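Structure file input21.txt with compact mmCIF, C-alpha atoms and all ligand atoms:
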```txt
# COMPACT_ATOMS: atom_id res chain seq x y z
CA MET A 17 -26.47 9.44 -14.25
CA THR A 18 -27.10 9.87 -10.51
CA THR A 19 -25.32 12.55 -8.56
CA HIS A 20 -24.53 11.55 -4.97
CA LEU A 21 -24.07 13.92 -2.05
CA TYR A 22 -22.41 12.65 1.15
CA ARG A 23 -22.81 14.69 4.34
CA ALA A 24 -19.84 14.34 6.72
CA SER A 25 -16.71 16.05 7.92
CA ILE A 26 -14.13 16.08 5.13
CA LEU A 27 -10.35 15.73 5.48
CA HIS A 28 -7.72 15.40 2.76
CA PHE A 29 -4.43 16.68 1.39
CA PRO A 30 -5.00 18.37 -1.96
CA HIS A 31 -1.32 18.94 -2.87
CA LYS A 32 2.12 17.49 -2.87
CA SER A 33 3.50 18.81 0.38
CA ALA A 34 6.65 18.70 2.44
CA GLN A 35 4.59 19.87 5.45
CA PRO A 36 1.33 17.89 5.24
CA LYS A 37 0.50 18.54 8.89
CA ASP A 38 -0.08 22.19 7.93
CA ASP A 39 -1.30 21.74 4.35
CA TYR A 40 -4.66 20.01 4.46
CA ILE A 41 -8.34 20.71 3.91
CA TYR A 42 -10.68 20.06 6.83
CA ILE A 43 -14.37 20.94 6.66
CA LYS A 44 -16.23 20.02 9.81
CA ASP A 45 -19.77 20.38 8.45
CA GLY A 46 -18.94 19.35 4.92
CA ALA A 47 -20.22 17.52 1.89
CA LEU A 48 -18.74 15.48 -0.93
CA VAL A 49 -20.42 15.23 -4.33
CA THR A 50 -19.72 12.37 -6.76
CA ARG A 51 -20.99 11.50 -10.21
CA ASN A 52 -20.12 8.68 -12.57
CA GLY A 53 -17.41 7.32 -10.25
CA LYS A 54 -15.58 10.66 -9.95
CA ILE A 55 -15.42 13.39 -7.36
CA VAL A 56 -17.27 16.52 -8.45
CA VAL A 57 -16.61 18.79 -5.48
CA THR A 58 -16.15 19.02 -1.71
CA GLY A 59 -17.12 22.00 0.40
CA GLU A 60 -19.24 23.42 3.18
CA ARG A 61 -22.45 21.39 3.40
CA LYS A 62 -24.78 24.40 3.31
CA THR A 63 -23.14 25.88 0.21
CA ILE A 64 -23.08 22.53 -1.60
CA GLU A 65 -26.70 21.71 -0.70
CA ASN A 66 -27.77 25.09 -2.09
CA GLN A 67 -25.97 24.34 -5.34
CA TYR A 68 -26.90 20.69 -5.89
CA HIS A 69 -30.59 19.76 -5.75
CA ASP A 70 -31.27 16.73 -7.85
CA VAL A 71 -29.02 14.40 -5.84
CA LYS A 72 -29.16 11.21 -3.82
CA THR A 73 -28.14 12.22 -0.29
CA HIS A 74 -26.19 9.92 2.06
CA ASP A 75 -26.16 11.23 5.60
CA TYR A 76 -22.90 10.45 7.42
CA SER A 77 -23.17 13.50 9.72
CA GLY A 78 -20.84 13.17 12.71
CA GLN A 79 -18.52 10.90 10.72
CA LEU A 80 -15.39 11.72 8.73
CA ILE A 81 -14.71 11.18 5.03
CA VAL A 82 -11.07 10.76 4.00
CA PRO A 83 -9.53 9.45 0.77
CA GLY A 84 -9.43 5.65 0.46
CA PHE A 85 -6.28 4.26 2.04
CA ILE A 86 -3.45 3.09 -0.20
CA ASP A 87 -1.41 0.10 1.00
CA SER A 88 1.84 0.29 -0.96
CA HIS A 89 3.34 -3.12 -0.14
CA LEU A 90 1.69 -6.40 0.82
CA HIS A 91 1.59 -10.05 -0.19
CA PHE A 92 -1.74 -11.53 -1.29
CA PRO A 93 -0.68 -15.21 -0.89
CA GLN A 94 0.34 -14.54 2.72
CA THR A 95 -3.21 -13.64 3.80
CA GLU A 96 -3.65 -16.92 5.67
CA MET A 97 -0.30 -16.82 7.49
CA LEU A 98 -0.47 -13.55 9.40
CA ALA A 99 0.97 -13.87 12.89
CA SER A 100 3.22 -16.91 12.40
CA PHE A 101 5.42 -17.18 15.46
CA GLY A 102 8.99 -16.69 16.31
CA GLU A 103 11.33 -16.03 13.41
CA GLN A 104 13.28 -13.28 11.72
CA LEU A 105 13.11 -12.75 7.97
CA LEU A 106 15.12 -15.61 6.43
CA ASP A 107 13.79 -18.41 8.66
CA TRP A 108 10.28 -16.96 8.45
CA LEU A 109 10.48 -17.23 4.66
CA GLU A 110 11.70 -20.86 4.79
CA ASN A 111 9.38 -22.10 7.51
CA TYR A 112 6.10 -20.32 6.81
CA THR A 113 6.12 -18.27 3.62
CA PHE A 114 7.36 -20.68 0.97
CA PRO A 115 5.12 -23.58 2.06
CA THR A 116 2.08 -21.27 2.09
CA GLU A 117 2.80 -19.64 -1.26
CA GLY A 118 3.12 -23.12 -2.80
CA LYS A 119 -0.65 -23.53 -2.51
CA PHE A 120 -1.19 -20.82 -5.12
CA SER A 121 -0.30 -23.11 -8.02
CA ASN A 122 -3.98 -24.05 -7.80
CA PRO A 123 -6.04 -21.38 -9.62
CA GLU A 124 -9.27 -22.17 -7.73
CA TYR A 125 -7.49 -21.78 -4.42
CA ALA A 126 -5.90 -18.52 -5.60
CA ALA A 127 -9.31 -17.18 -6.68
CA LYS A 128 -10.83 -18.06 -3.31
CA ILE A 129 -8.08 -16.29 -1.36
CA ALA A 130 -8.15 -13.30 -3.75
CA ASP A 131 -11.78 -12.69 -2.75
CA ILE A 132 -10.96 -12.92 0.95
CA PHE A 133 -7.92 -10.67 0.48
CA LEU A 134 -9.95 -7.94 -1.23
CA ARG A 135 -12.72 -8.17 1.37
CA GLN A 136 -10.10 -7.67 4.10
CA LEU A 137 -8.74 -4.60 2.32
CA TYR A 138 -12.19 -3.03 1.92
CA ARG A 139 -13.35 -3.65 5.49
CA HIS A 140 -10.21 -1.86 6.67
CA GLY A 141 -10.74 1.14 4.38
CA THR A 142 -8.07 0.28 1.81
CA THR A 143 -9.14 1.07 -1.75
CA SER A 144 -5.82 0.70 -3.60
CA ALA A 145 -2.78 -1.47 -3.10
CA MET A 146 0.55 -2.49 -4.55
CA VAL A 147 0.59 -6.24 -4.23
CA TYR A 148 3.00 -9.17 -4.54
CA SER A 149 1.36 -12.31 -5.84
CA SER A 150 3.06 -15.73 -5.76
CA VAL A 151 5.40 -17.14 -8.40
CA HIS A 152 2.46 -18.67 -10.28
CA GLN A 153 1.04 -16.80 -13.27
CA CYS A 154 -2.45 -18.14 -12.52
CA ALA A 155 -2.48 -16.55 -9.04
CA ALA A 156 -1.73 -13.09 -10.47
CA GLU A 157 -4.51 -13.68 -13.02
CA ALA A 158 -6.91 -14.51 -10.18
CA LEU A 159 -6.00 -11.38 -8.27
CA PHE A 160 -6.34 -9.04 -11.27
CA SER A 161 -9.67 -10.60 -12.22
CA ALA A 162 -11.04 -10.17 -8.70
CA ALA A 163 -9.92 -6.52 -8.49
CA GLN A 164 -11.37 -5.81 -11.94
CA LYS A 165 -14.82 -6.92 -10.75
CA HIS A 166 -14.76 -4.17 -8.10
CA LYS A 167 -13.32 -1.52 -10.48
CA MET A 168 -10.42 -1.24 -8.06
CA LEU A 169 -7.16 0.54 -8.78
CA LEU A 170 -4.63 -2.20 -8.11
CA ILE A 171 -0.95 -2.59 -8.94
CA ALA A 172 0.29 -6.18 -8.76
CA GLY A 173 2.90 -8.55 -10.06
CA LYS A 174 3.88 -12.19 -10.21
CA VAL A 175 6.85 -12.84 -7.92
CA CYS A 176 9.95 -13.95 -9.82
CA MET A 177 12.49 -16.26 -8.14
CA ASP A 178 14.77 -18.92 -9.58
CA ARG A 179 17.08 -19.89 -6.71
CA HIS A 180 17.39 -20.18 -2.89
CA CYS A 181 13.79 -21.27 -2.48
CA PRO A 182 12.14 -24.71 -2.90
CA SER A 183 12.48 -26.09 -6.44
CA TRP A 184 8.69 -26.33 -6.78
CA LEU A 185 8.50 -22.54 -6.30
CA GLN A 186 11.15 -21.62 -8.84
CA ASP A 187 10.65 -20.15 -12.26
CA SER A 188 13.64 -19.42 -14.55
CA PRO A 189 15.00 -16.29 -16.24
CA GLU A 190 13.09 -17.08 -19.44
CA LYS A 191 9.86 -18.13 -17.74
CA ALA A 192 9.87 -15.10 -15.43
CA GLN A 193 10.37 -12.77 -18.37
CA LYS A 194 7.76 -14.46 -20.57
CA GLU A 195 5.05 -14.79 -17.90
CA SER A 196 5.59 -11.24 -16.64
CA ALA A 197 5.40 -9.93 -20.23
CA ASP A 198 2.16 -11.89 -20.80
CA LEU A 199 0.67 -10.40 -17.64
CA ILE A 200 1.77 -6.88 -18.64
CA GLU A 201 0.14 -7.25 -22.04
CA ARG A 202 -3.04 -8.59 -20.51
CA TRP A 203 -3.46 -6.30 -17.52
CA HIS A 204 -1.26 -3.19 -17.46
CA GLY A 205 -3.47 -0.18 -18.13
CA LYS A 206 -6.64 -2.26 -18.41
CA ASP A 207 -9.48 -0.53 -16.51
CA ARG A 208 -7.77 0.62 -13.31
CA LEU A 209 -5.13 -2.13 -13.16
CA TYR A 210 -1.35 -1.79 -13.45
CA TYR A 211 1.52 -4.23 -13.53
CA ALA A 212 4.62 -4.31 -11.31
CA ILE A 213 7.68 -6.36 -12.32
CA THR A 214 8.36 -8.21 -9.07
CA PRO A 215 11.69 -9.92 -8.34
CA ARG A 216 11.07 -11.18 -4.78
CA PHE A 217 14.47 -9.90 -3.59
CA ALA A 218 18.05 -10.14 -4.82
CA PRO A 219 18.92 -13.44 -3.04
CA THR A 220 16.17 -15.43 -4.79
CA SER A 221 16.99 -14.21 -8.31
CA SER A 222 20.08 -15.35 -10.24
CA PRO A 223 22.02 -12.62 -12.07
CA GLU A 224 20.55 -14.08 -15.26
CA GLN A 225 17.02 -13.60 -13.96
CA LEU A 226 17.73 -10.04 -12.78
CA HIS A 227 19.16 -9.34 -16.24
CA ALA A 228 16.01 -10.72 -17.92
CA LEU A 229 13.76 -8.62 -15.68
CA GLY A 230 15.85 -5.49 -16.23
CA GLU A 231 15.49 -6.05 -19.94
CA LEU A 232 11.73 -6.32 -19.51
CA ALA A 233 11.70 -3.11 -17.45
CA GLN A 234 13.44 -1.30 -20.31
CA GLN A 235 11.00 -2.74 -22.81
CA TYR A 236 8.08 -1.45 -20.72
CA PRO A 237 9.27 1.86 -19.27
CA ASP A 238 5.92 2.79 -17.71
CA VAL A 239 5.29 -0.38 -15.68
CA TYR A 240 5.95 -0.43 -11.96
CA ILE A 241 8.75 -2.38 -10.26
CA GLN A 242 8.59 -3.66 -6.69
CA THR A 243 11.00 -5.59 -4.52
CA HIS A 244 12.58 -5.72 -1.05
CA LEU A 245 15.70 -3.83 0.01
CA ASN A 246 17.86 -3.59 3.15
CA GLU A 247 15.28 -5.15 5.46
CA ASN A 248 17.36 -7.43 7.69
CA LEU A 249 21.07 -7.54 8.58
CA ASN A 250 21.52 -11.26 7.74
CA GLU A 251 19.78 -10.68 4.42
CA ILE A 252 22.17 -7.82 3.62
CA ALA A 253 25.26 -9.92 4.49
CA TRP A 254 23.87 -12.65 2.21
CA VAL A 255 23.37 -10.22 -0.68
CA ASN A 256 26.92 -8.93 -0.24
CA SER A 257 28.26 -12.48 -0.46
CA LEU A 258 26.12 -13.33 -3.51
CA PHE A 259 26.95 -10.11 -5.37
CA PRO A 260 30.50 -9.25 -4.21
CA LYS A 261 31.25 -7.02 -7.18
CA HIS A 262 28.38 -4.65 -6.38
CA ASN A 263 28.63 -1.58 -4.19
CA GLY A 264 25.94 -2.66 -1.69
CA TYR A 265 22.41 -4.02 -2.01
CA LEU A 266 20.75 -1.17 -3.90
CA ASP A 267 23.51 -1.30 -6.49
CA VAL A 268 22.38 -4.82 -7.47
CA TYR A 269 18.97 -3.52 -8.58
CA ASP A 270 20.59 -0.42 -10.04
CA LYS A 271 23.02 -2.30 -12.29
CA PHE A 272 20.20 -4.53 -13.53
CA ASN A 273 18.14 -1.47 -14.57
CA MET A 274 15.49 -1.71 -11.89
CA LEU A 275 16.08 1.57 -10.09
CA ARG A 276 13.88 4.27 -11.57
CA PRO A 277 10.66 6.27 -11.00
CA LYS A 278 7.68 3.98 -10.23
CA ALA A 279 10.02 1.45 -8.57
CA VAL A 280 8.90 0.93 -4.97
CA PHE A 281 11.38 -0.64 -2.53
CA GLY A 282 10.01 -2.29 0.59
CA HIS A 283 11.62 -1.61 3.99
CA CYS A 284 14.97 0.24 3.34
CA ILE A 285 15.82 0.09 7.03
CA HIS A 286 19.60 -0.34 6.89
CA MET A 287 20.65 2.16 4.24
CA GLN A 288 24.15 3.46 3.58
CA GLU A 289 24.55 7.17 2.84
CA HIS A 290 25.44 6.52 -0.80
CA GLU A 291 22.27 4.42 -1.12
CA TRP A 292 20.07 7.24 0.17
CA GLN A 293 21.69 9.56 -2.33
CA ARG A 294 21.41 7.21 -5.28
CA MET A 295 17.80 6.42 -4.49
CA ALA A 296 16.98 10.12 -4.25
CA GLN A 297 18.58 10.72 -7.66
CA SER A 298 16.71 7.84 -9.26
CA GLY A 299 13.14 8.97 -8.53
CA ALA A 300 12.28 5.62 -6.88
CA SER A 301 10.25 5.44 -3.68
CA ILE A 302 10.07 3.52 -0.41
CA ALA A 303 7.35 1.51 1.31
CA PHE A 304 7.61 1.87 5.10
CA CYS A 305 6.12 -1.22 6.78
CA PRO A 306 6.16 -0.67 10.55
CA THR A 307 4.10 -3.62 11.79
CA SER A 308 6.25 -6.01 9.74
CA ASN A 309 9.52 -4.38 10.78
CA LEU A 310 8.60 -4.72 14.45
CA PHE A 311 7.13 -8.23 14.05
CA LEU A 312 10.22 -9.67 12.31
CA GLY A 313 12.56 -7.59 14.48
CA SER A 314 14.03 -6.05 11.32
CA GLY A 315 14.65 -2.55 12.67
CA LEU A 316 13.37 1.01 12.81
CA PHE A 317 12.89 2.83 9.51
CA ASP A 318 14.52 6.27 9.35
CA LEU A 319 11.68 8.35 7.88
CA LYS A 320 13.40 11.62 8.66
CA THR A 321 16.46 10.82 6.58
CA ALA A 322 14.34 9.53 3.69
CA GLU A 323 12.39 12.79 3.70
CA LYS A 324 15.55 14.86 4.08
CA HIS A 325 16.62 13.31 0.76
CA ASN A 326 13.18 14.04 -0.75
CA ILE A 327 12.56 10.35 -1.38
CA PRO A 328 8.81 9.67 -1.61
CA VAL A 329 7.68 7.37 1.21
CA ALA A 330 4.40 5.47 1.45
CA LEU A 331 3.06 3.54 4.41
CA ALA A 332 2.28 -0.15 3.93
CA THR A 333 1.17 -3.18 5.91
CA ASP A 334 3.43 -5.85 4.36
CA VAL A 335 0.87 -8.52 5.24
CA GLY A 336 1.75 -11.37 6.10
CA ALA A 337 4.90 -10.26 7.95
CA GLY A 338 2.78 -7.23 8.77
CA THR A 339 0.32 -8.07 11.49
CA SER A 340 -2.79 -6.21 10.35
CA PHE A 341 -4.67 -5.20 7.21
CA SER A 342 -5.56 -1.95 8.96
CA MET A 343 -3.71 1.09 7.64
CA LEU A 344 -4.92 2.98 10.73
CA ARG A 345 -3.14 0.47 12.96
CA THR A 346 -0.14 0.66 10.67
CA LEU A 347 -0.08 4.42 11.24
CA GLY A 348 -0.17 3.78 15.00
CA GLU A 349 2.86 1.49 14.75
CA ALA A 350 4.68 4.02 12.54
CA TYR A 351 4.23 6.51 15.38
CA LYS A 352 5.75 4.01 17.84
CA VAL A 353 8.73 3.44 15.52
CA GLY A 354 9.21 7.22 15.62
CA GLN A 355 9.01 7.17 19.41
CA LEU A 356 11.77 4.55 19.58
CA ARG A 357 13.89 6.74 17.32
CA GLY A 358 13.16 9.88 19.37
CA GLU A 359 11.19 11.43 16.50
CA GLN A 360 7.49 12.26 16.57
CA LEU A 361 5.40 11.35 13.56
CA GLN A 362 2.55 13.87 13.41
CA PRO A 363 -0.80 12.14 12.83
CA LEU A 364 -1.70 14.14 9.72
CA HIS A 365 1.75 13.54 8.29
CA GLY A 366 1.13 9.81 8.77
CA LEU A 367 -2.32 10.03 7.15
CA TYR A 368 -0.68 11.79 4.18
CA LEU A 369 1.72 8.83 3.79
CA MET A 370 -1.24 6.47 3.28
CA THR A 371 -3.25 8.77 0.97
CA GLN A 372 -1.86 11.63 -1.12
CA GLY A 373 1.81 10.89 -0.32
CA ALA A 374 1.36 7.26 -1.40
CA ALA A 375 -0.40 8.33 -4.61
CA LEU A 376 2.48 10.70 -5.35
CA ALA A 377 5.00 7.92 -4.70
CA GLN A 378 3.20 5.89 -7.38
CA GLY A 379 2.56 8.76 -9.82
CA LEU A 380 -1.21 8.39 -9.38
CA GLU A 381 -2.14 11.67 -7.67
CA ASP A 382 -4.40 12.68 -10.58
CA LYS A 383 -6.56 9.62 -9.81
CA ILE A 384 -6.36 8.63 -6.14
CA GLY A 385 -5.10 9.73 -2.73
CA ASN A 386 -7.15 12.95 -2.46
CA LEU A 387 -10.69 14.31 -2.78
CA ASN A 388 -9.89 16.83 -5.51
CA PRO A 389 -12.51 17.44 -8.25
CA GLY A 390 -11.90 14.96 -11.07
CA SER A 391 -10.20 12.33 -8.90
CA ASP A 392 -11.75 8.87 -8.75
CA ALA A 393 -14.39 8.58 -6.03
CA ASP A 394 -12.39 6.22 -3.78
CA PHE A 395 -13.09 7.23 -0.19
CA VAL A 396 -13.64 5.93 3.32
CA VAL A 397 -16.17 6.97 5.93
CA LEU A 398 -14.65 6.78 9.41
CA ASP A 399 -16.84 6.63 12.49
CA PRO A 400 -14.73 7.92 15.39
CA ASN A 401 -17.44 6.93 17.89
CA PHE A 402 -17.41 3.28 16.95
CA ASP A 403 -17.66 1.95 20.50
CA GLU A 404 -18.19 3.17 24.04
CA LEU A 405 -14.49 3.64 24.67
CA THR A 406 -13.93 5.89 21.67
CA SER A 407 -17.23 7.69 22.29
CA LEU A 408 -15.88 8.50 25.74
CA ARG A 409 -12.52 9.51 24.30
CA PHE A 410 -14.18 11.88 21.81
CA GLU A 411 -16.82 13.31 24.18
CA GLN A 412 -14.96 16.60 24.49
CA HIS A 413 -14.29 18.79 21.50
CA ASN A 414 -11.41 17.26 19.56
CA GLU A 415 -9.16 18.73 16.90
CA VAL A 416 -9.02 16.61 13.77
CA GLN A 417 -5.35 15.82 14.44
CA ASP A 418 -6.32 14.32 17.77
CA ILE A 419 -9.11 12.25 16.19
CA ILE A 420 -6.73 10.75 13.63
CA PHE A 421 -4.11 10.09 16.29
CA ALA A 422 -6.53 8.36 18.65
CA LEU A 423 -7.93 6.31 15.76
CA SER A 424 -4.39 5.23 14.85
CA MET A 425 -4.01 3.80 18.36
CA LEU A 426 -7.52 2.53 19.06
CA ALA A 427 -9.18 1.77 15.76
CA ASP A 428 -9.39 -1.27 13.54
CA ASP A 429 -12.08 -2.30 11.07
CA ARG A 430 -14.76 -1.25 13.60
CA ALA A 431 -14.00 2.39 12.76
CA ILE A 432 -14.73 1.87 9.07
CA SER A 433 -18.32 2.76 8.46
CA ALA A 434 -18.14 2.44 4.66
CA THR A 435 -15.62 2.09 1.85
CA TYR A 436 -16.37 3.38 -1.66
CA ILE A 437 -14.50 2.51 -4.83
CA ALA A 438 -15.24 4.54 -7.98
CA GLY A 439 -18.36 5.82 -6.24
CA GLU A 440 -19.74 2.37 -5.36
CA PRO A 441 -19.86 0.96 -1.82
CA VAL A 442 -17.65 -2.13 -1.50
CA TYR A 443 -18.09 -2.32 2.28
CA GLN A 444 -20.80 -0.84 4.49
CA THR A 445 -21.92 -1.40 8.06
CA HIS A 446 -25.26 0.39 7.51
CA ILE A 447 -26.92 1.34 4.24
CA LYS A 448 -27.09 5.15 4.13
N1 LIG A 501 11.90 -10.45 1.58
C1 LIG A 501 11.73 -11.36 0.59
N2 LIG A 501 10.49 -11.87 0.61
C2 LIG A 501 9.83 -11.27 1.60
C3 LIG A 501 8.50 -11.36 2.11
O1 LIG A 501 7.66 -12.13 1.62
N3 LIG A 501 8.21 -10.57 3.17
C4 LIG A 501 9.11 -9.72 3.72
N4 LIG A 501 8.75 -8.97 4.75
N5 LIG A 501 10.36 -9.61 3.27
C5 LIG A 501 10.73 -10.38 2.22
ZN ZN A 502 7.15 -7.70 1.66
```
Would you write the structure of this file as structure tokens?
Amino acid sequence: MTTHLYRASILHFPHKSAQPKDDYIYIKDGALVTRNGKIVVTGERKTIENQYHDVKTHDYSGQLIVPGFIDSHLHFPQTEMLASFGEQLLDWLENYTFPTEGKFSNPEYAAKIADIFLRQLYRHGTTSAMVYSSVHQCAAEALFSAAQKHKMLLIAGKVCMDRHCPSWLQDSPEKAQKESADLIERWHGKDRLYYAITPRFAPTSSPEQLHALGELAQQYPDVYIQTHLNENLNEIAWVNSLFPKHNGYLDVYDKFNMLRPKAVFGHCIHMQEHEWQRMAQSGASIAFCPTSNLFLGSGLFDLKTAEKHNIPVALATDVGAGTSFSMLRTLGEAYKVGQLRGEQLQPLHGLYLMTQGAALAQGLEDKIGNLNPGSDADFVVLDPNFDELTSLRFEQHNEVQDIIFALSMLADDRAISATYIAGEPVYQTHIK
């Protein structure tokens, strides 16, 4: 069993923290040791090198190791339709999303795109994700199989929808329940894979389907749940007209037993005070998707209020309404959302929301999101000097906060020097 030692600067958040900008570990001349797919230790390079002799050394001096990024909300079958012009949510779904997702009834096509999708995640430093597949059971199968090959920690689910979308994309209450149950039995807890029950959003599920999925959620209390909530004002008006007896949008999911810990709600931009309070009580969490929210003109997420209510928040791309697979770019756009709200998102706070904070939101902090001993060896090597512009920018001495901030504005996949999953490189620009 080989022990690996990686020389680099080290940055991570070892704890759950309300003040991540002040509660981090940074070791400038550091080292990370891994064995058998797990992290053994991090520390000062000199100390570690004195302690560990029989190791394979990987020299990333001058670069920065951080935990693998976690993307807590994105759509695998929308990989090919990033940057489709000119619509807000409901027209965008009709005109681009549904026609594209229809292609995933073909299992070979789904398998081909699953490989591209995972390659895109890895080249952008993302090692874990919470993913919506299409309505087709075979597409979810293809995605789980592809992730399993890379020993990736992935949470995913087959989208369920039985109305207000093309007939050829509809399942039914019974089919949604049966196929989701089959997928849970086959994949949930297998290797590093987990299942998420995935009603697309309230408008595309009949009350009968929501009932069937709530029943399934009760039958499997430890599976994840993911859906969309309070993203767009027209969507919210539509939900109110479809479910007039409910006290707002969140209440629809609540009454159908889908509001609980390990339920992750995408967007949550237009929340009423009673919805913040009920969500806080429930233990559910929120995926904040800034590039998508700006792209579709949905609105500006109120991170401060979410955190005031102690609701766990995780950053996410929401590809394909999101415009990049890069979580670094996503962090940059989250900062700009804060600027428009008159609130500054500190760079290390933002990095927390895509590492340890995201793992905490998903109850996975004993496995991912940090570089603590015993955690899985999922990590990214960032090269701040990835081109002449950033080399110039970083010529002077820079605090680590400043490096992360500048990377959030300037970086993309060029800043990712290597991505490791369970101690194995899944993406590398140079063999080290
Ligand atoms: N609401 C329902 N479906 C979707 C989707 O695919 N993307 C986004 N951004 N919002 C949705
Ligand atoms: Zn989404």
Give the residue list for ligand ZN 502 (chain A) at 8 Å, counting only C-alpha atoms and all ligand atoms, as a PDB file with C-alpha atoms, in the frame of the given file, sorted by chain and then by residue number.
```
ATOM      1  CA  HIS A  89       3.340  -3.120  -0.140  1.00  0.00           C
ATOM      2  CA  LEU A  90       1.690  -6.400   0.820  1.00  0.00           C
ATOM      3  CA  HIS A  91       1.590 -10.050  -0.190  1.00  0.00           C
ATOM      4  CA  TYR A 148       3.000  -9.170  -4.540  1.00  0.00           C
ATOM      5  CA  THR A 243      11.000  -5.590  -4.520  1.00  0.00           C
ATOM      6  CA  HIS A 244      12.580  -5.720  -1.050  1.00  0.00           C
ATOM      7  CA  GLY A 282      10.010  -2.290   0.590  1.00  0.00           C
ATOM      8  CA  HIS A 283      11.620  -1.610   3.990  1.00  0.00           C
ATOM      9  CA  ASP A 334       3.430  -5.850   4.360  1.00  0.00           C
ATOM     10  CA  VAL A 335       0.870  -8.520   5.240  1.00  0.00           C
ATOM     11  CA  GLY A 336       1.750 -11.370   6.100  1.00  0.00           C
ATOM     12  CA  ALA A 337       4.900 -10.260   7.950  1.00  0.00           C
TER      13      ALA A 337
END
```
Inset, instruction - Have a look at CA of Ser407 (chain A) and CA of Thr435 (chain A) and let me know their distance in Å, one decimal. - result: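 Interatomic distance, CA of Ser407 (chain A) to CA of Thr435 (chain A): 21.3 Å.
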Inset, instruction - Go through A:Asp270, A:Glu415, A:Asp394, A:Asp131 and flag the residue nearest Asn52 (chain A), using only C-alpha atoms for the distances. - result: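 Of A:Asp270, A:Glu415, A:Asp394, A:Asp131, the one nearest Asn52 (chain A), counting only C-alpha atoms, is A:Asp394.
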Inset, instruction - Figure out the distance between CA of Ala300 (chain A) and CA of Pro277 (chain A), please, to one decimal in Å. - result: 4.5 Å
Legend entry - Distance of CA of Thr371 (chain A) from CA of Ile432 (chain A), expressed in Å to one decimal place: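 Atom-to-atom, CA of Ile432 (chain A) and CA of Thr371 (chain A) are spaced 15.7 Å apart.
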Legend entry - All residues 8 Å or closer to region 102-108 of chain A, all atoms listed in the file, same chain fewer than 2 positions away omitted, as number ranges by chain: A: 100, 110-113, 248, 250-251, 312-314
Legend entry - Residue with smallest distance to ligand LIG 501 (chain A) - pool A:Arg216, A:His227, A:Lys72, A:Lys206, counting only C-alpha atoms and all ligand atoms: A:Arg216
Legend entry - Spatial neighbours of region 154-168 of chain A, 8 Å, all atoms listed in the file, chain gap at least 4 places, as a list in words: Phe120, Ser121, Asn122, Pro123, Ala126, Ala127, Ala130, Asp131, Leu134, Thr143, Ser144, Ser149, Ser150, Ala172, Gly173, Lys174, Leu199, Trp203, Asp207, Arg208, Leu209, Ile437, Ala438 and Val442 of chain A
Inset, instruction - Rank nothing, just name the residue among A:Asn273, A:Thr339, A:Asn66, A:Thr58 nearest to ligand LIG 501 (chain A), using all atoms listed in the file. - result: A:Thr339
Legend entry - Top pick for closest residue to Arg430 (chain A), considering A:Arg139, A:Lys271, A:His204, A:His152 and counting only C-alpha atoms: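 Of all the options, A:Arg139 lies closest to Arg430 (chain A).
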Inset, instruction - Compare A:Thr220, A:Gln225, A:Gln235, A:Gln372 by their minimum atom-to-atom distance to Glu190 (chain A), counting all atoms listed in the file, and give me the closest one. - result: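 Residue with the minimum atom-to-atom distance to Glu190 (chain A): A:Gln225.
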Inset, instruction - Tell me, as a ChimeraX atom specification, which residues lie within 12 Å of Ala218 (chain A), counting all atoms listed in the file; anything in the same chain fewer than 4 positions away does not count. - result: /A:175-180,214,222-227,229,242-247,251-259,262,264-272,274,281
Inset, instruction - Measuring atom to atom with only C-alpha atoms and all ligand atoms, identify which of A:Pro215, A:Gly78, A:Pro182, A:Pro83 is nearest to ligand LIG 501 (chain A). - result: A:Pro215
Inset, instruction - Mind checking which residues fall within 12 Å of Met343 (chain A), counting all atoms listed in the file, ignoring those fewer than 6 positions away in the same chain, and posting them as a ChimeraX atom specification? - result: /A:84-90,136-145,304-307,330-335,349-350,366-371,396,420,423-425,427-429,431-432
Could you check which residues have any atom within 9 Å of (6.5, 18.2, 7.9), counting all atoms listed in the file with coordinates taken straight from the file, and then list them as a PDB file with C-alpha atoms, in the coordinates of the input?
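Everything below was put into result-v5.pdb:
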```
ATOM      1  CA  SER A  33       3.500  18.810   0.380  1.00  0.00           C
ATOM      2  CA  ALA A  34       6.650  18.700   2.440  1.00  0.00           C
ATOM      3  CA  GLN A  35       4.590  19.870   5.450  1.00  0.00           C
ATOM      4  CA  PRO A  36       1.330  17.890   5.240  1.00  0.00           C
ATOM      5  CA  LYS A  37       0.500  18.540   8.890  1.00  0.00           C
ATOM      6  CA  ASP A  38      -0.080  22.190   7.930  1.00  0.00           C
ATOM      7  CA  LEU A 361       5.400  11.350  13.560  1.00  0.00           C
ATOM      8  CA  GLN A 362       2.550  13.870  13.410  1.00  0.00           C
ATOM      9  CA  HIS A 365       1.750  13.540   8.290  1.00  0.00           C
TER      10      HIS A 365
END
```
Legend entry - Polymer residues at most 7 Å from (15.2, 2.0, 4.5) by all atoms listed in the file, as number ranges by chain: A: 246, 283-287, 317-318
Provide an axis-aligned box for all listed atoms of region 352-371 of chain A, padding each side by 3 Å; report its centre and its edge lengths in Å to one decimal, as lines of an AutoDock Vina configuration file.
```
center_x = 5.3
center_y = 8.8
center_z = 10.3
size_x = 23.1
size_y = 16.7
size_z = 24.6
```
Inset, instruction - Identify, on the basis of only C-alpha atoms, every residue whose closest approach to Trp292 (chain A) does not exceed 10 Å; exclude the query and any residue fewer than 5 positions from it along the same chain; express the result as a PyMOL selection string. - result: chain A and resi 266+284+287+297+321-322+324-327
